[in-house]
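Pasted below: target-v8.cif, mmCIF, C-alpha atoms and all ligand atoms.
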```
data_target
#
loop_
_atom_site.group_PDB
_atom_site.id
_atom_site.type_symbol
_atom_site.label_atom_id
_atom_site.label_comp_id
_atom_site.auth_asym_id
_atom_site.auth_seq_id
_atom_site.Cartn_x
_atom_site.Cartn_y
_atom_site.Cartn_z
ATOM 1 C CA MET A 1 95.200 142.660 145.427
ATOM 2 C CA ARG A 2 91.741 141.084 145.300
ATOM 3 C CA ILE A 3 90.017 138.067 143.858
ATOM 4 C CA THR A 4 86.555 136.924 142.829
ATOM 5 C CA SER A 5 85.058 133.998 140.942
ATOM 6 C CA LEU A 6 82.482 133.993 138.157
ATOM 7 C CA GLY A 7 81.678 130.346 138.867
ATOM 8 C CA SER A 8 83.379 127.118 139.886
ATOM 9 C CA GLY A 9 82.609 123.470 139.123
ATOM 10 C CA SER A 10 82.327 121.002 136.278
ATOM 11 C CA ARG A 11 79.844 123.251 134.411
ATOM 12 C CA GLY A 12 82.316 126.132 134.104
ATOM 13 C CA ASN A 13 85.168 127.920 135.859
ATOM 14 C CA SER A 14 86.573 131.427 135.841
ATOM 15 C CA THR A 15 88.549 133.365 138.448
ATOM 16 C CA LEU A 16 89.280 137.080 138.361
ATOM 17 C CA ILE A 17 92.393 138.536 140.033
ATOM 18 C CA GLU A 18 92.964 142.258 140.178
ATOM 19 C CA ASP A 19 95.785 144.503 141.324
ATOM 20 C CA LYS A 20 96.094 148.227 140.560
ATOM 21 C CA ASP A 21 95.218 148.452 136.847
ATOM 22 C CA THR A 22 95.974 144.812 136.027
ATOM 23 C CA CYS A 23 92.967 142.491 135.902
ATOM 24 C CA ILE A 24 93.332 138.911 134.731
ATOM 25 C CA LEU A 25 90.977 136.013 134.228
ATOM 26 C CA VAL A 26 92.134 132.488 134.987
ATOM 27 C CA ASP A 27 90.072 130.245 132.645
ATOM 28 C CA LEU A 28 86.796 131.045 130.905
ATOM 29 C CA GLY A 29 84.515 128.042 130.891
ATOM 30 C CA PHE A 30 81.254 129.813 130.079
ATOM 31 C CA THR A 31 79.528 131.080 126.949
ATOM 32 C CA LEU A 32 80.345 134.616 125.859
ATOM 33 C CA LYS A 33 76.912 135.866 126.885
ATOM 34 C CA GLU A 34 77.240 134.238 130.283
ATOM 35 C CA ILE A 35 80.738 135.705 130.825
ATOM 36 C CA GLU A 36 79.543 139.210 129.993
ATOM 37 C CA LYS A 37 76.641 138.797 132.415
ATOM 38 C CA ARG A 38 78.813 137.373 135.184
ATOM 39 C CA LEU A 39 81.422 140.127 134.781
ATOM 40 C CA ARG A 40 78.675 142.724 135.253
ATOM 41 C CA ARG A 41 77.740 141.028 138.515
ATOM 42 C CA VAL A 42 81.256 141.740 139.887
ATOM 43 C CA ASP A 43 81.282 145.294 138.451
ATOM 44 C CA ARG A 44 83.729 144.596 135.669
ATOM 45 C CA SER A 45 83.473 144.859 131.913
ATOM 46 C CA PRO A 46 85.324 142.767 129.283
ATOM 47 C CA ASP A 47 87.449 145.801 128.385
ATOM 48 C CA ASP A 48 88.909 145.793 131.923
ATOM 49 C CA ILE A 49 90.546 142.404 131.314
ATOM 50 C CA THR A 50 94.321 142.564 130.729
ATOM 51 C CA ALA A 51 94.713 138.897 129.767
ATOM 52 C CA VAL A 52 93.229 135.423 130.079
ATOM 53 C CA LEU A 53 95.391 132.671 131.581
ATOM 54 C CA VAL A 54 94.331 129.133 130.733
ATOM 55 C CA THR A 55 95.062 126.110 132.956
ATOM 56 C CA HIS A 56 94.183 123.270 130.544
ATOM 57 C CA GLU A 57 91.945 122.404 127.614
ATOM 58 C CA HIS A 58 88.915 120.826 129.312
ATOM 59 C CA ALA A 59 85.657 122.459 128.244
ATOM 60 C CA ASP A 60 84.755 123.695 131.736
ATOM 61 C CA HIS A 61 87.891 125.902 131.530
ATOM 62 C CA ILE A 62 88.113 126.985 127.895
ATOM 63 C CA SER A 63 84.680 127.029 126.266
ATOM 64 C CA GLY A 64 84.531 130.846 126.275
ATOM 65 C CA VAL A 65 88.230 131.640 125.790
ATOM 66 C CA ALA A 66 88.443 131.999 122.001
ATOM 67 C CA PRO A 67 85.099 133.778 121.465
ATOM 68 C CA PHE A 68 86.002 136.257 124.232
ATOM 69 C CA ALA A 69 89.554 136.771 122.934
ATOM 70 C CA ARG A 70 88.299 137.390 119.383
ATOM 71 C CA LYS A 71 85.592 139.831 120.404
ATOM 72 C CA TYR A 72 87.693 141.863 122.866
ATOM 73 C CA LYS A 73 91.214 141.317 121.396
ATOM 74 C CA THR A 74 92.358 139.963 124.756
ATOM 75 C CA PRO A 75 95.737 138.178 124.897
ATOM 76 C CA VAL A 76 95.541 134.525 125.947
ATOM 77 C CA TYR A 77 98.385 132.794 127.827
ATOM 78 C CA LEU A 78 98.659 129.015 127.816
ATOM 79 C CA THR A 79 101.090 126.120 127.480
ATOM 80 C CA PRO A 80 101.835 124.828 123.952
ATOM 81 C CA GLY A 81 100.169 121.506 124.773
ATOM 82 C CA THR A 82 96.973 123.227 125.886
ATOM 83 C CA TYR A 83 96.463 125.071 122.604
ATOM 84 C CA ASN A 84 94.749 123.163 119.862
ATOM 85 C CA GLU A 85 93.226 125.369 117.210
ATOM 86 C CA GLN A 86 90.624 122.829 116.158
ATOM 87 C CA ARG A 87 89.413 122.409 119.685
ATOM 88 C CA MET A 88 89.714 125.939 121.027
ATOM 89 C CA GLY A 89 89.230 128.009 117.885
ATOM 90 C CA LEU A 90 91.362 130.825 116.530
ATOM 91 C CA VAL A 91 92.854 133.192 119.108
ATOM 92 C CA PRO A 92 94.274 136.473 117.717
ATOM 93 C CA LYS A 93 96.797 137.195 120.477
ATOM 94 C CA LEU A 94 98.230 133.911 121.680
ATOM 95 C CA VAL A 95 101.171 133.715 124.094
ATOM 96 C CA ARG A 96 102.658 130.263 124.628
ATOM 97 C CA ILE A 97 104.154 129.932 128.105
ATOM 98 C CA ASN A 98 106.681 127.571 129.641
ATOM 99 C CA CYS A 99 104.949 125.967 132.638
ATOM 100 C CA HIS A 100 108.238 126.043 134.560
ATOM 101 C CA ARG A 101 108.977 129.722 134.008
ATOM 102 C CA SER A 102 107.454 132.763 135.742
ATOM 103 C CA PHE A 103 106.403 135.875 133.868
ATOM 104 C CA VAL A 104 104.996 139.315 134.566
ATOM 105 C CA LEU A 105 101.654 140.802 133.546
ATOM 106 C CA GLY A 106 101.322 144.450 134.580
ATOM 107 C CA SER A 107 101.832 144.562 138.344
ATOM 108 C CA LEU A 108 101.339 140.797 138.753
ATOM 109 C CA ALA A 109 104.006 138.092 138.866
ATOM 110 C CA ILE A 110 102.620 134.859 137.420
ATOM 111 C CA GLU A 111 104.059 131.512 138.373
ATOM 112 C CA PRO A 112 102.678 128.530 136.441
ATOM 113 C CA VAL A 113 102.815 125.212 138.306
ATOM 114 C CA ALA A 114 102.646 121.910 136.409
ATOM 115 C CA VAL A 115 100.033 119.525 137.854
ATOM 116 C CA PRO A 116 99.084 115.867 137.309
ATOM 117 C CA HIS A 117 95.750 115.921 135.419
ATOM 118 C CA ASP A 118 94.405 114.073 132.388
ATOM 119 C CA ALA A 119 95.047 116.936 129.972
ATOM 120 C CA ARG A 120 97.905 117.523 127.514
ATOM 121 C CA GLU A 121 100.028 120.051 129.433
ATOM 122 C CA PRO A 122 98.056 121.277 132.437
ATOM 123 C CA CYS A 123 99.272 123.915 134.878
ATOM 124 C CA GLN A 124 97.793 125.933 137.702
ATOM 125 C CA TYR A 125 98.913 129.384 138.850
ATOM 126 C CA VAL A 126 100.336 131.246 141.842
ATOM 127 C CA ILE A 127 99.886 134.986 141.295
ATOM 128 C CA SER A 128 101.737 137.556 143.404
ATOM 129 C CA SER A 129 102.075 141.261 143.941
ATOM 130 C CA GLY A 130 103.610 143.390 146.687
ATOM 131 C CA GLY A 131 104.544 140.388 148.817
ATOM 132 C CA LEU A 132 101.061 138.821 148.645
ATOM 133 C CA SER A 133 100.274 135.583 146.794
ATOM 134 C CA ILE A 134 97.078 133.994 145.539
ATOM 135 C CA GLY A 135 97.143 130.291 144.686
ATOM 136 C CA VAL A 136 94.633 128.800 142.266
ATOM 137 C CA LEU A 137 94.744 125.009 142.537
ATOM 138 C CA THR A 138 92.053 122.837 140.927
ATOM 139 C CA ASP A 139 92.000 119.958 138.447
ATOM 140 C CA LEU A 140 94.743 117.706 139.740
ATOM 141 C CA GLY A 141 94.671 114.059 140.724
ATOM 142 C CA HIS A 142 97.138 114.214 143.572
ATOM 143 C CA ILE A 143 99.464 116.582 145.398
ATOM 144 C CA THR A 144 103.059 116.310 144.183
ATOM 145 C CA PRO A 145 106.093 117.647 146.090
ATOM 146 C CA HIS A 146 106.366 120.267 143.309
ATOM 147 C CA VAL A 147 102.810 121.466 144.012
ATOM 148 C CA GLU A 148 103.384 121.436 147.763
ATOM 149 C CA ARG A 149 106.449 123.629 147.422
ATOM 150 C CA HIS A 150 104.694 126.222 145.262
ATOM 151 C CA TYR A 151 101.546 126.527 147.362
ATOM 152 C CA GLU A 152 102.981 126.425 150.890
ATOM 153 C CA ALA A 153 103.024 130.200 151.414
ATOM 154 C CA CYS A 154 99.836 131.685 149.933
ATOM 155 C CA ASP A 155 97.760 134.519 151.395
ATOM 156 C CA ALA A 156 94.670 133.253 149.568
ATOM 157 C CA LEU A 157 94.097 129.762 148.218
ATOM 158 C CA LEU A 158 91.408 128.417 145.899
ATOM 159 C CA LEU A 159 91.633 124.723 146.552
ATOM 160 C CA GLU A 160 89.861 121.920 144.712
ATOM 161 C CA CYS A 161 87.645 119.670 146.836
ATOM 162 C CA ASN A 162 86.122 117.795 143.924
ATOM 163 C CA HIS A 163 84.605 114.704 145.457
ATOM 164 C CA ASP A 164 83.900 112.700 148.549
ATOM 165 C CA LEU A 165 85.299 109.191 148.109
ATOM 166 C CA GLN A 166 82.156 107.453 149.350
ATOM 167 C CA MET A 167 79.804 109.607 147.269
ATOM 168 C CA LEU A 168 81.928 108.978 144.172
ATOM 169 C CA ALA A 169 81.826 105.208 144.780
ATOM 170 C CA ASP A 170 78.046 105.245 145.417
ATOM 171 C CA GLY A 171 77.281 107.900 142.806
ATOM 172 C CA PRO A 172 75.875 107.875 139.258
ATOM 173 C CA TYR A 173 79.177 107.741 137.312
ATOM 174 C CA PRO A 174 80.000 104.545 135.394
ATOM 175 C CA TYR A 175 82.951 102.620 136.828
ATOM 176 C CA SER A 176 85.427 103.862 134.198
ATOM 177 C CA LEU A 177 84.591 107.502 134.904
ATOM 178 C CA GLN A 178 84.810 106.913 138.666
ATOM 179 C CA GLN A 179 88.295 105.510 138.093
ATOM 180 C CA ARG A 180 89.299 108.522 136.010
ATOM 181 C CA VAL A 181 87.952 111.160 138.425
ATOM 182 C CA GLY A 182 89.381 109.399 141.481
ATOM 183 C CA GLY A 183 92.654 108.438 139.787
ATOM 184 C CA PRO A 184 96.118 110.030 140.126
ATOM 185 C CA ARG A 185 95.477 112.269 137.084
ATOM 186 C CA GLY A 186 91.864 113.070 137.941
ATOM 187 C CA HIS A 187 90.602 115.400 140.645
ATOM 188 C CA LEU A 188 91.400 116.025 144.321
ATOM 189 C CA ASN A 189 89.042 114.471 146.841
ATOM 190 C CA ASN A 190 88.182 116.203 150.127
ATOM 191 C CA LEU A 191 90.804 114.285 152.114
ATOM 192 C CA GLN A 192 93.605 115.014 149.649
ATOM 193 C CA ALA A 193 92.735 118.718 149.803
ATOM 194 C CA ALA A 194 92.749 118.624 153.614
ATOM 195 C CA GLU A 195 96.084 116.831 153.540
ATOM 196 C CA LEU A 196 97.661 119.692 151.576
ATOM 197 C CA LEU A 197 96.515 122.108 154.284
ATOM 198 C CA ARG A 198 98.680 120.249 156.800
ATOM 199 C CA LYS A 199 101.691 121.249 154.699
ATOM 200 C CA VAL A 200 100.963 124.947 154.152
ATOM 201 C CA ASP A 201 101.551 127.992 156.334
ATOM 202 C CA LEU A 202 98.037 128.418 157.757
ATOM 203 C CA ARG A 203 99.073 131.449 159.789
ATOM 204 C CA ARG A 204 99.654 133.308 156.567
ATOM 205 C CA LEU A 205 96.493 132.166 154.805
ATOM 206 C CA GLN A 206 93.846 134.924 154.942
ATOM 207 C CA HIS A 207 91.297 133.262 152.666
ATOM 208 C CA LEU A 208 90.626 129.637 151.842
ATOM 209 C CA VAL A 209 88.035 128.951 149.154
ATOM 210 C CA VAL A 210 86.865 125.392 148.649
ATOM 211 C CA SER A 211 86.490 125.102 144.864
ATOM 212 C CA HIS A 212 85.472 122.893 141.903
ATOM 213 C CA ILE A 213 83.025 120.910 144.051
ATOM 214 C CA SER A 214 81.252 118.153 142.137
ATOM 215 C CA GLU A 215 77.481 118.518 142.214
ATOM 216 C CA LYS A 216 77.030 114.759 141.842
ATOM 217 C CA ASN A 217 79.856 113.337 143.950
ATOM 218 C CA ASN A 218 80.227 115.825 146.795
ATOM 219 C CA ALA A 219 78.332 118.152 149.102
ATOM 220 C CA PRO A 220 79.655 121.464 150.442
ATOM 221 C CA HIS A 221 79.262 120.365 154.078
ATOM 222 C CA LEU A 222 81.429 117.278 153.472
ATOM 223 C CA ALA A 223 84.200 119.361 151.904
ATOM 224 C CA LEU A 224 83.993 121.877 154.759
ATOM 225 C CA ASN A 225 84.084 119.101 157.385
ATOM 226 C CA ALA A 226 87.241 117.684 155.822
ATOM 227 C CA VAL A 227 89.153 120.972 155.700
ATOM 228 C CA ASN A 228 87.866 122.097 159.096
ATOM 229 C CA ALA A 229 89.369 118.970 160.632
ATOM 230 C CA VAL A 230 92.761 120.487 159.782
ATOM 231 C CA LEU A 231 91.947 124.173 160.278
ATOM 232 C CA ASP A 232 90.336 123.649 163.682
ATOM 233 C CA ALA A 233 93.180 121.557 165.040
ATOM 234 C CA GLU A 234 94.897 123.134 167.991
ATOM 235 C CA ALA A 235 98.133 124.857 166.983
ATOM 236 C CA SER A 236 97.079 125.126 163.321
ATOM 237 C CA GLY A 237 97.404 128.904 163.674
ATOM 238 C CA TRP A 238 94.460 129.394 161.302
ATOM 239 C CA GLN A 239 92.625 132.703 161.662
ATOM 240 C CA GLY A 240 91.457 133.184 158.109
ATOM 241 C CA GLN A 241 88.116 133.135 156.330
ATOM 242 C CA LEU A 242 86.711 129.973 154.803
ATOM 243 C CA ARG A 243 84.143 129.882 152.000
ATOM 244 C CA VAL A 244 82.790 127.728 149.220
ATOM 245 C CA ALA A 245 82.952 128.726 145.545
ATOM 246 C CA GLN A 246 79.619 128.043 143.891
ATOM 247 C CA GLN A 247 78.904 126.889 140.374
ATOM 248 C CA ASP A 248 76.361 129.593 139.629
ATOM 249 C CA ILE A 249 77.742 132.638 141.417
ATOM 250 C CA GLY A 250 81.340 131.803 142.355
ATOM 251 C CA PHE A 251 82.048 134.094 145.321
ATOM 252 C CA ASP A 252 82.215 137.836 145.910
ATOM 253 C CA TRP A 253 85.374 139.936 145.828
ATOM 254 C CA LEU A 254 87.854 139.030 148.561
ATOM 255 C CA GLU A 255 90.384 141.651 149.496
ATOM 256 C CA LEU A 256 93.871 140.652 150.656
ATOM 257 C CA ASN A 257 95.336 142.700 153.465
ATOM 258 C CA PRO A 258 99.011 143.557 153.310
ATOM 259 C CA GLY A 259 100.839 141.382 155.874
HETATM 260 ZN ZN ZN B 301 87.682 121.408 135.669
HETATM 261 ZN ZN ZN B 302 90.100 119.319 133.980
#
```
Would you mind writing the file's structure down as structure tokens?
Amino acid sequence: MRITSLGSGSRGNSTLIEDKDTCILVDLGFTLKEIEKRLRRVDRSPDDITAVLVTHEHADHISGVAPFARKYKTPVYLTPGTYNEQRMGLVPKLVRINCHRSFVLGSLAIEPVAVPHDAREPCQYVISSGGLSIGVLTDLGHITPHVERHYEACDALLLECNHDLQMLADGPYPYSLQQRVGGPRGHLNNLQAAELLRKVDLRRLQHLVVSHISEKNNAPHLALNAVNAVLDAEASGWQGQLRVAQQDIGFDWLELNPG
């Protein structure tokens, strides 16, 4: 199983997960032209895509979903609350999922996980095959026990480090937006992300990707400092690879090694 990103951040998100002949996109927050270009960069074409999974209806996650699905007849999986025809546009092959029920797509087992975020019915995903699991976890205001339980044993984890608390407070956002972003249904700050890492099996984690970093309210080195404080602790057992997902180029393919 392997994973790459076409881009990550408030100007657009899309993650690609591939196993044998199953290849899925989690979110498509770019224009059609941009998606086609970014897929070429990771040596994939739109016809390779088995399905698109959507996490929630914010524009940075769905702006390209319907145009892509109409052009390439790709099935789209999302929660009933996430789909709004007026907002997303017509989707020819729509599959409404229960965010508390797993399902299978080709060789991949998909586990949706409900998260606290200011959207109608948001979920994130843990995707597994052959005993390996990839967790995609962005766009949530805090870590719930439910989230903790689902993400404690991942082999790769894309983890939101949206903002630094001080930069958010000192930054350009009006007070109401600061409250929303930093609130319990907003986005994870660097310390909240680091806190989750104390609860997960770091020995198992091969790849950690710091994701959905705010360009206005965070800096990659601050996010890395926060997570490294946990990873570098003696007895953490961490031996994996750490990287940052970028807005413009995401990150290159990461291969998961069988345990
Ligand atoms: Zn987002
Ligand atoms: Zn969002």
Using only C-alpha atoms, tabulate the residues of stretch 45-146 of chain A lying at most 12 Å from any atom of stretch 198-204 of chain A, each with its closest atom pair and that distance in Å to one decimal, by chain and increasing residue number, as CSV.
```
residue,atom,partner,partner_atom,distance
A:Gly131,CA,A:Arg204,CA,11.6
A:Leu132,CA,A:Arg204,CA,9.8
A:Ser133,CA,A:Arg204,CA,10.1
A:Ile134,CA,A:Arg204,CA,11.3
A:Gly135,CA,A:Val200,CA,11.5
A:Ile143,CA,A:Lys199,CA,10.6
A:Thr144,CA,A:Lys199,CA,11.7
A:Pro145,CA,A:Lys199,CA,10.3
```
The selected residues should be written to file as a short mmCIF file (atom, residue, chain, number, x, y, z; two decimals), keeping the file's coordinate frame (atoms: C-alpha atoms).
```cif
data_model
loop_
_atom_site.label_atom_id
_atom_site.label_comp_id
_atom_site.auth_asym_id
_atom_site.auth_seq_id
_atom_site.Cartn_x
_atom_site.Cartn_y
_atom_site.Cartn_z
CA GLY A 131 104.54 140.39 148.82
CA LEU A 132 101.06 138.82 148.65
CA SER A 133 100.27 135.58 146.79
CA ILE A 134 97.08 133.99 145.54
CA GLY A 135 97.14 130.29 144.69
CA ILE A 143 99.46 116.58 145.40
CA THR A 144 103.06 116.31 144.18
CA PRO A 145 106.09 117.65 146.09
#
```
What's around A:Gly250 at 7 Å? Count all atoms listed in the file, leave out sequence neighbours fewer than 3 positions away in its own chain, and write the answer as a PDB file with C-alpha atoms, in the frame of the given file.
```
ATOM      1  CA  SER A   5      85.058 133.998 140.942  1.00  0.00           C
ATOM      2  CA  LEU A   6      82.482 133.993 138.157  1.00  0.00           C
ATOM      3  CA  GLY A   7      81.678 130.346 138.867  1.00  0.00           C
ATOM      4  CA  SER A   8      83.379 127.118 139.886  1.00  0.00           C
ATOM      5  CA  ALA A 245      82.952 128.726 145.545  1.00  0.00           C
ATOM      6  CA  GLN A 246      79.619 128.043 143.891  1.00  0.00           C
ATOM      7  CA  GLN A 247      78.904 126.889 140.374  1.00  0.00           C
TER       8      GLN A 247
END
```
How close does each residue of stretch 67-119 of chain A get to stretch 12-27 of chain A, giving the shortest atom pair and distance in Å to one decimal for every residue with an atom at most 10 Å away, counting all atoms listed in the file, sorted by chain and residue number, as JSON lines?
```
{"residue": "A:Val76", "atom": "CA", "partner": "A:Leu25", "partner_atom": "CA", "distance": 9.6}
{"residue": "A:Tyr77", "atom": "CA", "partner": "A:Val26", "partner_atom": "CA", "distance": 9.5}
{"residue": "A:Leu78", "atom": "CA", "partner": "A:Asp27", "partner_atom": "CA", "distance": 9.9}
{"residue": "A:Leu105", "atom": "CA", "partner": "A:Thr22", "partner_atom": "CA", "distance": 7.4}
{"residue": "A:Gly106", "atom": "CA", "partner": "A:Thr22", "partner_atom": "CA", "distance": 5.6}
{"residue": "A:Ser107", "atom": "CA", "partner": "A:Thr22", "partner_atom": "CA", "distance": 6.3}
{"residue": "A:Leu108", "atom": "CA", "partner": "A:Asp19", "partner_atom": "CA", "distance": 7.2}
```
Selection from above, C-alpha atoms, as a PDB file, in the coordinates of the input, can you write it?
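The result, written out as again_14.pdb:
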```
ATOM      1  CA  VAL A  76      95.541 134.525 125.947  1.00  0.00           C
ATOM      2  CA  TYR A  77      98.385 132.794 127.827  1.00  0.00           C
ATOM      3  CA  LEU A  78      98.659 129.015 127.816  1.00  0.00           C
ATOM      4  CA  LEU A 105     101.654 140.802 133.546  1.00  0.00           C
ATOM      5  CA  GLY A 106     101.322 144.450 134.580  1.00  0.00           C
ATOM      6  CA  SER A 107     101.832 144.562 138.344  1.00  0.00           C
ATOM      7  CA  LEU A 108     101.339 140.797 138.753  1.00  0.00           C
TER       8      LEU A 108
END
```
Taking all atoms listed in the file into account, produce a table as JSON lines in which each residue of stretch 96-196 of chain A with an atom at most 10 Å from an atom of stretch 237-242 of chain A appears once, together with its shortest atom pair and the distance in Å to one decimal, ordered by chain and rising number.
```
{"residue": "A:Asp155", "atom": "CA", "partner": "A:Gly240", "partner_atom": "CA", "distance": 9.3}
{"residue": "A:Ala156", "atom": "CA", "partner": "A:Gly240", "partner_atom": "CA", "distance": 9.1}
{"residue": "A:Leu157", "atom": "CA", "partner": "A:Leu242", "partner_atom": "CA", "distance": 9.9}
```
Discussion item. For a quick check of understanding, using only C-alpha atoms, which of A:Gly186, A:Gly259, A:Gly171, A:Gly130 has the smallest distance to A:Asn217?
Written reply: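 Nearest to A:Asn217: A:Gly171.
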Discussion item. So the first atom is atom CA of A:Leu32 and the second is atom CA of A:Ala69; what is the distance between them in Å, to one decimal place?
Written reply: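 Taking atom CA of A:Leu32 and atom CA of A:Ala69, their separation equals 9.9 Å.
One distance worth recording is that between atom CA of A:Leu137 and atom CA of A:Asp164, which is 17.5 Å.
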Tell me, counting all atoms listed in the file, for each residue of stretch 85-169 of chain A within 12 Å of stretch 38-54 of chain A, which pair of atoms is nearest and how far apart they are in Å to one decimal, in rows ordered by chain and increasing number, as CSV.
```
residue,atom,partner,partner_atom,distance
A:Met88,CA,A:Val54,CA,11.2
A:Val91,CA,A:Val52,CA,11.2
A:Lys93,CA,A:Ala51,CA,9.7
A:Leu94,CA,A:Val52,CA,9.9
A:Val95,CA,A:Leu53,CA,9.5
A:Arg96,CA,A:Leu53,CA,10.3
A:Ile97,CA,A:Leu53,CA,9.8
A:Cys99,CA,A:Val54,CA,11.2
A:Phe103,CA,A:Leu53,CA,11.7
A:Val104,CA,A:Ala51,CA,11.4
A:Leu105,CA,A:Thr50,CA,8.1
A:Gly106,CA,A:Thr50,CA,8.2
A:Ser107,CA,A:Thr50,CA,10.9
A:Leu108,CA,A:Thr50,CA,10.8
A:Ile110,CA,A:Leu53,CA,9.5
A:Glu111,CA,A:Leu53,CA,11.1
A:Pro112,CA,A:Leu53,CA,9.7
A:Glu121,CA,A:Val54,CA,10.8
A:Pro122,CA,A:Val54,CA,8.9
A:Cys123,CA,A:Val54,CA,8.3
A:Gln124,CA,A:Val54,CA,8.4
A:Tyr125,CA,A:Leu53,CA,8.7
A:Val126,CA,A:Leu53,CA,11.5
A:Ile127,CA,A:Leu53,CA,11.0
A:Val136,CA,A:Leu53,CA,11.4
```
Atoms kept (C-alpha atoms) for selection, written as a tab-separated table (two decimals), in the frame of the given file:
```
chain	number	residue	atom	x	y	z
A	88	MET	CA	89.71	125.94	121.03
A	91	VAL	CA	92.85	133.19	119.11
A	93	LYS	CA	96.80	137.20	120.48
A	94	LEU	CA	98.23	133.91	121.68
A	95	VAL	CA	101.17	133.72	124.09
A	96	ARG	CA	102.66	130.26	124.63
A	97	ILE	CA	104.15	129.93	128.10
A	99	CYS	CA	104.95	125.97	132.64
A	103	PHE	CA	106.40	135.88	133.87
A	104	VAL	CA	105.00	139.32	134.57
A	105	LEU	CA	101.65	140.80	133.55
A	106	GLY	CA	101.32	144.45	134.58
A	107	SER	CA	101.83	144.56	138.34
A	108	LEU	CA	101.34	140.80	138.75
A	110	ILE	CA	102.62	134.86	137.42
A	111	GLU	CA	104.06	131.51	138.37
A	112	PRO	CA	102.68	128.53	136.44
A	121	GLU	CA	100.03	120.05	129.43
A	122	PRO	CA	98.06	121.28	132.44
A	123	CYS	CA	99.27	123.92	134.88
A	124	GLN	CA	97.79	125.93	137.70
A	125	TYR	CA	98.91	129.38	138.85
A	126	VAL	CA	100.34	131.25	141.84
A	127	ILE	CA	99.89	134.99	141.29
A	136	VAL	CA	94.63	128.80	142.27
```
Discussion item. What's the separation between atom CA of A:Arg87 and atom CA of A:Pro172, in Å to one decimal place?
Written reply: 27.9 Å
Fill in: Residues selected by the PyMOL selection byres (((not hetatm)) within 9 of (chain B and resi 302)), written as a ChimeraX atom specification
/A:10,55-61,117-119,122,138-140,186-187
Practice prompt. Would you please work out which residue, of A:His221, A:Arg2, A:Arg149, A:Arg11, is nearest to ligand ZN 301 (chain B) when using only C-alpha atoms and all ligand atoms?
Written response: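 Nearest to ligand ZN 301 (chain B): A:Arg11.
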Could you list as an mmCIF file with C-alpha atoms, in the frame of the given file every residue that has an atom within 7 Å of (93.4, 139.7, 116.4), using the file's coordinates and counting all atoms listed in the file?
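File result.cif, as written:
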```
data_model
loop_
_atom_site.group_PDB
_atom_site.id
_atom_site.type_symbol
_atom_site.label_atom_id
_atom_site.label_comp_id
_atom_site.auth_asym_id
_atom_site.auth_seq_id
_atom_site.Cartn_x
_atom_site.Cartn_y
_atom_site.Cartn_z
ATOM 1 C CA ARG A 70 88.299 137.390 119.383
ATOM 2 C CA LYS A 73 91.214 141.317 121.396
ATOM 3 C CA PRO A 92 94.274 136.473 117.717
ATOM 4 C CA LYS A 93 96.797 137.195 120.477
#
```
For stretch 144-162 of chain A, what centre and edge lengths in Å (one decimal) does the axis-aligned box get once 3 Å is added on each side of all its listed atoms, as AutoDock Vina command-line options?
```
--center_x 96.3 --center_y 125.4 --center_z 147.4 --size_x 26.3 --size_y 24.2 --size_z 14.1
```
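Using only C-alpha atoms and all ligand atoms, the nearest neighbour of ligand ZN 301 (chain B) within the list A:Val147, A:Ile213, A:Ala233, A:Ala153 is A:Ile213.
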Worksheet item: In terms of the shortest atom-to-atom distance over only C-alpha atoms and all ligand atoms, which of A:Ser236, A:Thr79, A:Ser63, A:Gln192 is closest to ligand ZN 301 (chain B)?
Response: A:Ser63
Item to complete: Considering only C-alpha atoms and all ligand atoms, state which residue in the set A:Pro67, A:Pro184, A:Gly81, A:Gly141 is at the smallest distance from ligand ZN 301 (chain B).
Response: A:Gly141
Worksheet item: Of the residues A:Ser214, A:Leu196, A:Ser176, A:Glu85, which is the one nearest to ligand ZN 301 (chain B), using all atoms listed in the file?
Response: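 Nearest to ligand ZN 301 (chain B): A:Ser214.
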Got a minute to add N, CA and C atoms to stretch 140-147 of chain A and dump it as an mmCIF file, in the frame of the given file?
```
data_model
loop_
_atom_site.group_PDB
_atom_site.id
_atom_site.type_symbol
_atom_site.label_atom_id
_atom_site.label_comp_id
_atom_site.auth_asym_id
_atom_site.auth_seq_id
_atom_site.Cartn_x
_atom_site.Cartn_y
_atom_site.Cartn_z
ATOM 1 N N LEU A 140 93.541 118.532 139.623
ATOM 2 C CA LEU A 140 94.743 117.706 139.740
ATOM 3 C C LEU A 140 94.373 116.445 140.518
ATOM 4 N N GLY A 141 95.039 115.350 140.147
ATOM 5 C CA GLY A 141 94.671 114.059 140.724
ATOM 6 C C GLY A 141 95.335 113.770 142.052
ATOM 7 N N HIS A 142 96.483 114.374 142.275
ATOM 8 C CA HIS A 142 97.138 114.214 143.572
ATOM 9 C C HIS A 142 98.106 115.371 143.791
ATOM 10 N N ILE A 143 98.539 115.510 145.033
ATOM 11 C CA ILE A 143 99.464 116.582 145.398
ATOM 12 C C ILE A 143 100.892 116.057 145.223
ATOM 13 N N THR A 144 101.652 116.690 144.364
ATOM 14 C CA THR A 144 103.059 116.310 144.183
ATOM 15 C C THR A 144 103.931 117.189 145.078
ATOM 16 N N PRO A 145 105.174 116.778 145.334
ATOM 17 C CA PRO A 145 106.093 117.647 146.090
ATOM 18 C C PRO A 145 106.273 119.015 145.409
ATOM 19 N N HIS A 146 106.260 119.024 144.083
ATOM 20 C CA HIS A 146 106.366 120.267 143.309
ATOM 21 C C HIS A 146 105.200 121.208 143.640
ATOM 22 N N VAL A 147 103.995 120.663 143.680
ATOM 23 C CA VAL A 147 102.810 121.466 144.012
ATOM 24 C C VAL A 147 102.903 121.979 145.451
#
```
